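Visitor: Next comes the structure file my_file.txt, holding compact mmCIF, N, CA and C atoms.
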# COMPACT_ATOMS: atom_id res chain seq x y z
N MET A 78 -5.03 26.98 -5.66
CA MET A 78 -4.04 27.63 -4.85
C MET A 78 -4.33 29.12 -4.82
N LYS A 79 -4.37 29.68 -3.64
CA LYS A 79 -4.60 31.11 -3.48
C LYS A 79 -3.24 31.81 -3.54
N MET A 80 -3.16 32.82 -4.39
CA MET A 80 -1.91 33.55 -4.54
C MET A 80 -1.78 34.60 -3.44
N THR A 81 -0.61 34.66 -2.84
CA THR A 81 -0.30 35.68 -1.84
C THR A 81 1.00 36.35 -2.26
N THR A 82 1.42 37.34 -1.52
CA THR A 82 2.69 38.00 -1.83
C THR A 82 3.86 37.06 -1.58
N ASP A 83 3.61 35.96 -0.83
CA ASP A 83 4.65 34.98 -0.55
C ASP A 83 4.69 33.85 -1.59
N THR A 84 3.75 33.85 -2.54
CA THR A 84 3.72 32.77 -3.53
C THR A 84 4.96 32.86 -4.41
N ARG A 85 5.63 31.75 -4.53
CA ARG A 85 6.86 31.67 -5.30
C ARG A 85 6.66 30.77 -6.51
N VAL A 86 7.52 30.93 -7.48
CA VAL A 86 7.46 30.13 -8.70
C VAL A 86 7.46 28.64 -8.36
N GLY A 87 8.27 28.25 -7.37
CA GLY A 87 8.35 26.85 -6.98
C GLY A 87 7.04 26.29 -6.45
N ASP A 88 6.13 27.18 -6.02
CA ASP A 88 4.83 26.73 -5.51
C ASP A 88 3.88 26.32 -6.62
N LEU A 89 4.08 26.84 -7.82
CA LEU A 89 3.12 26.56 -8.88
C LEU A 89 3.71 25.93 -10.13
N MET A 90 5.01 25.72 -10.14
CA MET A 90 5.65 25.12 -11.32
C MET A 90 5.23 23.66 -11.47
N SER A 91 5.39 23.16 -12.68
CA SER A 91 5.27 21.73 -12.93
C SER A 91 6.65 21.15 -12.66
N GLY A 92 6.75 20.31 -11.67
CA GLY A 92 8.04 19.75 -11.28
C GLY A 92 8.46 18.59 -12.16
N GLU A 93 9.70 18.17 -11.98
CA GLU A 93 10.28 17.08 -12.75
C GLU A 93 9.96 17.23 -14.24
N PRO A 94 10.53 18.24 -14.86
CA PRO A 94 10.18 18.53 -16.25
C PRO A 94 10.58 17.41 -17.21
N VAL A 95 9.75 17.22 -18.21
CA VAL A 95 10.08 16.32 -19.30
C VAL A 95 11.08 17.09 -20.15
N VAL A 96 12.23 16.49 -20.41
CA VAL A 96 13.28 17.17 -21.17
C VAL A 96 13.62 16.35 -22.41
N VAL A 97 14.32 16.99 -23.33
CA VAL A 97 14.77 16.31 -24.54
C VAL A 97 16.23 16.70 -24.77
N ASP A 98 16.99 15.77 -25.32
CA ASP A 98 18.39 16.04 -25.62
C ASP A 98 18.49 16.85 -26.90
N GLU A 99 19.46 17.74 -26.96
CA GLU A 99 19.62 18.59 -28.15
C GLU A 99 19.96 17.79 -29.40
N ASP A 100 20.49 16.59 -29.25
CA ASP A 100 20.81 15.76 -30.40
C ASP A 100 19.68 14.83 -30.82
N ALA A 101 18.56 14.87 -30.09
CA ALA A 101 17.40 14.04 -30.45
C ALA A 101 16.79 14.55 -31.76
N MET A 102 16.13 13.66 -32.45
CA MET A 102 15.42 14.05 -33.67
C MET A 102 14.18 14.86 -33.28
N VAL A 103 13.78 15.81 -34.10
CA VAL A 103 12.60 16.62 -33.78
C VAL A 103 11.35 15.76 -33.69
N ALA A 104 11.31 14.66 -34.42
CA ALA A 104 10.17 13.75 -34.32
C ALA A 104 10.03 13.21 -32.90
N ASP A 105 11.16 12.98 -32.22
CA ASP A 105 11.13 12.53 -30.83
C ASP A 105 10.55 13.63 -29.92
N ALA A 106 10.94 14.86 -30.18
CA ALA A 106 10.40 15.99 -29.40
C ALA A 106 8.89 16.11 -29.62
N GLU A 107 8.46 15.96 -30.86
CA GLU A 107 7.03 16.00 -31.18
C GLU A 107 6.28 14.94 -30.40
N LEU A 108 6.83 13.74 -30.37
CA LEU A 108 6.20 12.63 -29.66
C LEU A 108 6.10 12.91 -28.16
N LEU A 109 7.15 13.47 -27.58
CA LEU A 109 7.12 13.82 -26.16
C LEU A 109 6.05 14.88 -25.88
N LEU A 110 5.99 15.90 -26.71
CA LEU A 110 5.00 16.95 -26.53
C LEU A 110 3.58 16.38 -26.58
N ARG A 111 3.35 15.53 -27.56
CA ARG A 111 2.04 14.93 -27.73
C ARG A 111 1.71 13.97 -26.58
N SER A 112 2.66 13.11 -26.23
CA SER A 112 2.44 12.09 -25.21
C SER A 112 2.15 12.70 -23.84
N TYR A 113 2.87 13.74 -23.50
CA TYR A 113 2.71 14.36 -22.18
C TYR A 113 1.72 15.53 -22.19
N ARG A 114 1.20 15.84 -23.38
CA ARG A 114 0.23 16.94 -23.54
C ARG A 114 0.77 18.24 -22.97
N ILE A 115 1.98 18.58 -23.42
CA ILE A 115 2.62 19.82 -23.01
C ILE A 115 3.00 20.60 -24.26
N SER A 116 3.35 21.86 -24.07
CA SER A 116 3.61 22.71 -25.24
C SER A 116 5.08 23.07 -25.42
N GLY A 117 5.94 22.64 -24.50
CA GLY A 117 7.35 22.96 -24.65
C GLY A 117 8.21 22.06 -23.80
N LEU A 118 9.47 21.94 -24.20
CA LEU A 118 10.42 21.07 -23.51
C LEU A 118 11.74 21.80 -23.26
N PRO A 119 12.27 21.71 -22.05
CA PRO A 119 13.65 22.14 -21.85
C PRO A 119 14.57 21.21 -22.65
N VAL A 120 15.61 21.78 -23.23
CA VAL A 120 16.56 21.01 -24.04
C VAL A 120 17.88 20.91 -23.28
N MET A 121 18.39 19.69 -23.18
CA MET A 121 19.63 19.44 -22.46
C MET A 121 20.73 19.03 -23.44
N GLY A 122 21.94 19.43 -23.11
CA GLY A 122 23.12 19.02 -23.88
C GLY A 122 24.27 18.80 -22.91
N ASN A 123 24.80 17.61 -22.89
CA ASN A 123 25.89 17.27 -21.96
C ASN A 123 25.52 17.58 -20.51
N GLY A 124 24.26 17.28 -20.14
CA GLY A 124 23.81 17.47 -18.77
C GLY A 124 23.51 18.91 -18.38
N THR A 125 23.55 19.82 -19.35
CA THR A 125 23.32 21.24 -19.10
C THR A 125 22.14 21.73 -19.90
N LEU A 126 21.37 22.63 -19.31
CA LEU A 126 20.25 23.25 -20.02
C LEU A 126 20.80 24.12 -21.14
N THR A 127 20.39 23.84 -22.38
CA THR A 127 20.92 24.61 -23.51
C THR A 127 19.85 25.40 -24.26
N GLY A 128 18.58 25.07 -24.07
CA GLY A 128 17.53 25.77 -24.78
C GLY A 128 16.16 25.23 -24.44
N VAL A 129 15.20 25.64 -25.26
CA VAL A 129 13.81 25.20 -25.13
C VAL A 129 13.27 24.98 -26.53
N ILE A 130 12.46 23.95 -26.68
CA ILE A 130 11.78 23.75 -27.96
C ILE A 130 10.28 23.67 -27.68
N SER A 131 9.50 24.34 -28.52
CA SER A 131 8.06 24.42 -28.30
C SER A 131 7.28 23.92 -29.51
N GLN A 132 6.00 23.73 -29.28
CA GLN A 132 5.11 23.35 -30.39
C GLN A 132 5.18 24.41 -31.48
N THR A 133 5.26 25.66 -31.08
CA THR A 133 5.33 26.74 -32.05
C THR A 133 6.58 26.63 -32.91
N ASP A 134 7.71 26.29 -32.29
CA ASP A 134 8.96 26.09 -33.05
C ASP A 134 8.76 24.99 -34.09
N LEU A 135 8.14 23.90 -33.67
CA LEU A 135 7.95 22.77 -34.59
C LEU A 135 6.97 23.10 -35.70
N LEU A 136 5.89 23.78 -35.37
CA LEU A 136 4.91 24.15 -36.40
C LEU A 136 5.52 25.11 -37.42
N SER A 137 6.27 26.08 -36.92
CA SER A 137 6.91 27.03 -37.84
C SER A 137 7.88 26.31 -38.77
N ALA A 138 8.67 25.40 -38.21
CA ALA A 138 9.65 24.67 -39.01
C ALA A 138 8.97 23.77 -40.03
N ARG A 139 7.89 23.11 -39.62
CA ARG A 139 7.18 22.21 -40.55
C ARG A 139 6.59 22.96 -41.72
N SER A 140 6.28 24.23 -41.52
CA SER A 140 5.68 25.01 -42.61
C SER A 140 6.71 25.43 -43.65
N SER A 141 7.98 25.26 -43.33
CA SER A 141 9.05 25.55 -44.28
C SER A 141 9.24 24.34 -45.19
N ASP A 142 9.18 24.57 -46.49
CA ASP A 142 9.34 23.46 -47.43
C ASP A 142 10.68 22.76 -47.25
N LEU A 143 11.74 23.52 -47.12
CA LEU A 143 13.07 22.93 -46.99
C LEU A 143 13.18 22.06 -45.74
N ILE A 144 12.74 22.59 -44.61
CA ILE A 144 12.84 21.82 -43.37
C ILE A 144 11.86 20.65 -43.41
N GLY A 145 10.65 20.90 -43.87
CA GLY A 145 9.64 19.84 -43.93
C GLY A 145 10.09 18.65 -44.77
N GLU A 146 10.76 18.93 -45.88
CA GLU A 146 11.24 17.85 -46.75
C GLU A 146 12.38 17.05 -46.10
N ASN A 147 13.04 17.63 -45.13
CA ASN A 147 14.17 16.99 -44.47
C ASN A 147 13.88 16.67 -43.00
N TRP A 148 12.62 16.59 -42.65
CA TRP A 148 12.18 16.43 -41.26
C TRP A 148 12.88 15.27 -40.55
N ASP A 149 13.08 14.19 -41.25
CA ASP A 149 13.67 13.00 -40.64
C ASP A 149 15.16 13.17 -40.33
N ARG A 150 15.75 14.29 -40.74
CA ARG A 150 17.17 14.55 -40.46
C ARG A 150 17.38 15.74 -39.53
N VAL A 151 16.30 16.40 -39.15
CA VAL A 151 16.39 17.61 -38.33
C VAL A 151 16.48 17.23 -36.85
N ARG A 152 17.43 17.83 -36.18
CA ARG A 152 17.62 17.57 -34.75
C ARG A 152 17.08 18.75 -33.93
N VAL A 153 16.80 18.47 -32.68
CA VAL A 153 16.25 19.48 -31.78
C VAL A 153 17.14 20.72 -31.74
N ARG A 154 18.44 20.55 -31.71
CA ARG A 154 19.36 21.69 -31.61
C ARG A 154 19.20 22.66 -32.79
N HIS A 155 18.69 22.16 -33.93
CA HIS A 155 18.51 23.03 -35.09
C HIS A 155 17.33 23.98 -34.94
N LEU A 156 16.35 23.60 -34.12
CA LEU A 156 15.12 24.39 -34.02
C LEU A 156 14.90 25.05 -32.67
N MET A 157 15.63 24.63 -31.66
CA MET A 157 15.38 25.13 -30.31
C MET A 157 15.69 26.62 -30.20
N THR A 158 15.08 27.23 -29.22
CA THR A 158 15.37 28.61 -28.87
C THR A 158 16.45 28.57 -27.81
N ARG A 159 17.49 29.35 -28.03
CA ARG A 159 18.56 29.39 -27.04
C ARG A 159 18.97 30.82 -26.77
N PRO A 160 19.39 31.11 -25.59
CA PRO A 160 19.41 30.21 -24.44
C PRO A 160 18.00 30.07 -23.87
N ALA A 161 17.82 29.09 -23.02
CA ALA A 161 16.54 28.93 -22.33
C ALA A 161 16.39 30.07 -21.32
N MET A 162 15.22 30.63 -21.26
CA MET A 162 14.96 31.65 -20.24
C MET A 162 14.65 30.92 -18.94
N THR A 163 15.32 31.32 -17.88
CA THR A 163 15.16 30.64 -16.60
C THR A 163 14.71 31.60 -15.52
N VAL A 164 14.18 31.00 -14.46
CA VAL A 164 13.80 31.75 -13.27
C VAL A 164 14.08 30.84 -12.08
N HIS A 165 14.54 31.42 -11.01
CA HIS A 165 14.82 30.63 -9.81
C HIS A 165 13.51 30.24 -9.14
N ARG A 166 13.46 29.06 -8.56
CA ARG A 166 12.21 28.59 -7.94
C ARG A 166 11.78 29.47 -6.78
N GLY A 167 12.69 30.26 -6.23
CA GLY A 167 12.34 31.16 -5.14
C GLY A 167 11.86 32.53 -5.59
N ALA A 168 11.85 32.76 -6.91
CA ALA A 168 11.42 34.06 -7.44
C ALA A 168 9.92 34.24 -7.23
N THR A 169 9.50 35.48 -7.18
CA THR A 169 8.08 35.76 -7.02
C THR A 169 7.33 35.45 -8.33
N VAL A 170 6.06 35.20 -8.18
CA VAL A 170 5.21 34.96 -9.35
C VAL A 170 5.18 36.22 -10.21
N GLU A 171 5.16 37.36 -9.58
CA GLU A 171 5.16 38.63 -10.33
C GLU A 171 6.41 38.76 -11.19
N HIS A 172 7.57 38.38 -10.64
CA HIS A 172 8.82 38.44 -11.40
C HIS A 172 8.74 37.53 -12.63
N ALA A 173 8.24 36.32 -12.44
CA ALA A 173 8.12 35.38 -13.56
C ALA A 173 7.18 35.93 -14.63
N ALA A 174 6.07 36.49 -14.20
CA ALA A 174 5.09 37.04 -15.15
C ALA A 174 5.71 38.20 -15.93
N ARG A 175 6.46 39.03 -15.23
CA ARG A 175 7.10 40.18 -15.89
C ARG A 175 8.13 39.71 -16.93
N LEU A 176 8.92 38.69 -16.58
CA LEU A 176 9.89 38.14 -17.53
C LEU A 176 9.20 37.62 -18.79
N MET A 177 8.12 36.88 -18.60
CA MET A 177 7.40 36.33 -19.75
C MET A 177 6.84 37.45 -20.62
N LEU A 178 6.29 38.44 -19.99
CA LEU A 178 5.70 39.57 -20.72
C LEU A 178 6.78 40.34 -21.49
N GLU A 179 7.88 40.66 -20.82
CA GLU A 179 8.95 41.43 -21.46
C GLU A 179 9.61 40.67 -22.60
N ARG A 180 9.75 39.36 -22.45
CA ARG A 180 10.45 38.54 -23.45
C ARG A 180 9.52 37.92 -24.48
N HIS A 181 8.20 38.13 -24.30
CA HIS A 181 7.20 37.57 -25.21
C HIS A 181 7.33 36.05 -25.30
N ILE A 182 7.42 35.41 -24.14
CA ILE A 182 7.55 33.95 -24.09
C ILE A 182 6.44 33.36 -23.24
N HIS A 183 6.24 32.06 -23.39
CA HIS A 183 5.13 31.38 -22.72
C HIS A 183 5.57 30.41 -21.64
N ARG A 184 6.87 30.25 -21.46
CA ARG A 184 7.35 29.33 -20.41
C ARG A 184 8.73 29.75 -19.96
N LEU A 185 9.00 29.43 -18.70
CA LEU A 185 10.32 29.63 -18.13
C LEU A 185 10.76 28.32 -17.51
N VAL A 186 12.01 27.97 -17.68
CA VAL A 186 12.54 26.79 -17.01
C VAL A 186 12.91 27.24 -15.60
N VAL A 187 12.45 26.48 -14.63
CA VAL A 187 12.70 26.81 -13.23
C VAL A 187 13.96 26.09 -12.78
N ILE A 188 14.86 26.86 -12.16
CA ILE A 188 16.14 26.29 -11.72
C ILE A 188 16.27 26.39 -10.20
N ASP A 189 17.15 25.54 -9.67
CA ASP A 189 17.44 25.57 -8.24
C ASP A 189 18.72 26.35 -7.98
N ASP A 190 19.22 26.31 -6.75
CA ASP A 190 20.43 27.07 -6.40
C ASP A 190 21.66 26.64 -7.19
N ASP A 191 21.66 25.39 -7.67
CA ASP A 191 22.80 24.88 -8.44
C ASP A 191 22.64 25.13 -9.94
N GLY A 192 21.53 25.75 -10.35
CA GLY A 192 21.29 26.00 -11.76
C GLY A 192 20.70 24.82 -12.50
N ALA A 193 20.30 23.78 -11.75
CA ALA A 193 19.69 22.59 -12.37
C ALA A 193 18.22 22.86 -12.65
N ALA A 194 17.74 22.37 -13.80
CA ALA A 194 16.34 22.51 -14.16
C ALA A 194 15.50 21.61 -13.26
N VAL A 195 14.58 22.22 -12.52
CA VAL A 195 13.73 21.45 -11.59
C VAL A 195 12.26 21.54 -11.94
N GLY A 196 11.92 22.36 -12.93
CA GLY A 196 10.52 22.49 -13.30
C GLY A 196 10.34 23.46 -14.45
N VAL A 197 9.08 23.67 -14.78
CA VAL A 197 8.71 24.62 -15.83
C VAL A 197 7.49 25.38 -15.31
N VAL A 198 7.46 26.67 -15.54
CA VAL A 198 6.29 27.48 -15.24
C VAL A 198 5.84 28.12 -16.54
N THR A 199 4.54 28.06 -16.79
CA THR A 199 3.99 28.56 -18.04
C THR A 199 2.99 29.68 -17.78
N THR A 200 2.61 30.36 -18.85
CA THR A 200 1.58 31.38 -18.71
C THR A 200 0.29 30.76 -18.20
N SER A 201 0.01 29.54 -18.59
CA SER A 201 -1.19 28.85 -18.10
C SER A 201 -1.14 28.66 -16.59
N ASP A 202 0.04 28.33 -16.06
CA ASP A 202 0.19 28.18 -14.61
C ASP A 202 -0.12 29.51 -13.91
N LEU A 203 0.39 30.60 -14.46
CA LEU A 203 0.14 31.91 -13.86
C LEU A 203 -1.33 32.28 -13.94
N LEU A 204 -1.95 32.03 -15.08
CA LEU A 204 -3.38 32.33 -15.22
C LEU A 204 -4.22 31.50 -14.26
N ARG A 205 -3.87 30.24 -14.10
CA ARG A 205 -4.60 29.35 -13.19
C ARG A 205 -4.59 29.92 -11.77
N VAL A 206 -3.44 30.39 -11.31
CA VAL A 206 -3.33 30.95 -9.97
C VAL A 206 -4.16 32.23 -9.86
N LEU A 207 -4.07 33.09 -10.88
CA LEU A 207 -4.83 34.33 -10.85
C LEU A 207 -6.34 34.06 -10.86
N LEU A 208 -6.77 33.12 -11.67
CA LEU A 208 -8.19 32.80 -11.74
C LEU A 208 -8.69 32.15 -10.46
N ASP A 209 -7.89 31.27 -9.87
CA ASP A 209 -8.26 30.66 -8.59
C ASP A 209 -8.37 31.73 -7.52
N ASP A 210 -7.43 32.67 -7.54
CA ASP A 210 -7.43 33.75 -6.57
C ASP A 210 -8.66 34.63 -6.76
N GLY A 211 -9.01 34.91 -8.02
CA GLY A 211 -10.19 35.71 -8.32
C GLY A 211 -11.47 35.03 -7.92
N ALA A 212 -11.53 33.71 -8.10
CA ALA A 212 -12.74 32.95 -7.73
C ALA A 212 -12.94 32.98 -6.22
N SER A 213 -11.87 32.85 -5.45
CA SER A 213 -12.01 32.85 -4.00
C SER A 213 -12.31 34.25 -3.48
N ALA A 214 -11.82 35.28 -4.20
CA ALA A 214 -12.09 36.67 -3.78
C ALA A 214 -13.53 37.06 -4.04
N SER A 215 -14.16 36.49 -5.07
CA SER A 215 -15.53 36.85 -5.40
C SER A 215 -16.55 35.99 -4.68
N SER A 216 -16.09 35.00 -3.92
CA SER A 216 -17.02 34.11 -3.19
C SER A 216 -17.51 34.76 -1.91
As structure tokens - that is how I would like this structure written.
Guide:
Amino acid sequence: MKMTTDTRVGDLMSGEPVVVDEDAMVADAELLLRSYRISGLPVMGNGTLTGVISQTDLLSARSSDLIGENWDRVRVRHLMTRPAMTVHRGATVEHAARLMLERHIHRLVVIDDDGAAVGVVTTSDLLRVLLDDGASASS
């Protein structure tokens, strides 16, 4: 995809995000991350976006003796980052990149006009567009 000034987050997001419930066990989140080969999941609670859980969150928690010893009792809500950082699907790619840079995060949950989670955009998505654009510019 060639990036233009009209490129919007909705053009490059991963749609239909894999989500996890905040009351799910962290082992379930780990399995989802591994199965779908993704690095983070939007977290839902009562049908509402409540946070995000990432591989980094899980790795950090596993390195804690206390949490590691109780892994089978830890729920997603205990480890997730809240609130989830969101961006509207109509936002510019530049806006999304700036949010990630300012907040030191690697993913944004993409929302629609109703505030429903419709996708995820990651730093990898942004890099892919920039690299594709650079490849076509140097051809």
Visitor: Report the distance between atom CA of A:Val206 and atom CA of A:Met162 in Å, rounded to one decimal place.
Guide: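 It comes out at 21.0 Å.
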Visitor: From the options A:Asp149, A:Arg166, A:Thr200, A:Asp105, which residue's atoms come nearest to A:Asp88, counting only N, CA and C atoms?
Guide: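 Of all the options, A:Arg166 lies closest to A:Asp88.
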Visitor: Tell me, in Å to one decimal, how far atom CA of A:Leu110 is from atom CA of A:Ser141.
Guide: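 Between atom CA of A:Leu110 and atom CA of A:Ser141 the gap works out to 20.1 Å.
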Visitor: How would you write, as a PyMOL selection string, the set of residues in stretch 79-213 of chain A that DSSP gives as strand (DSSP E)?
Guide: chain A and resi 91-92+97-98+117-122+125-131+163-165+184-188+194-199
Visitor: Between A:Val129, A:Val97, A:Ala138, A:Leu109, which has the minimum distance to A:Pro160 (counting only N, CA and C atoms)?
Guide: A:Val129
Visitor: Can you list, as a VMD selection string, every residue of chain A that DSSP puts in alpha helix (DSSP H)?
Guide: chain A and resid 86 to 89 103 to 113 132 to 139 142 to 146 153 to 156 170 to 180 200 to 214
Visitor: Please identify all polymer residues within 10 Å of stretch 119-125 of chain A, counting only C-alpha atoms, omitting same-chain residues fewer than 6 positions from it, and present them as a PyMOL selection string.
Guide: chain A and resi 94-101+106+131+153-154+157-162+184-187+192-194+196-197
Visitor: What does the structure give for the distance between atom CA of A:Leu156 and atom CA of A:Arg139, in Å to one decimal?
Guide: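 Atom CA of A:Leu156 sits 10.5 Å away from atom CA of A:Arg139.
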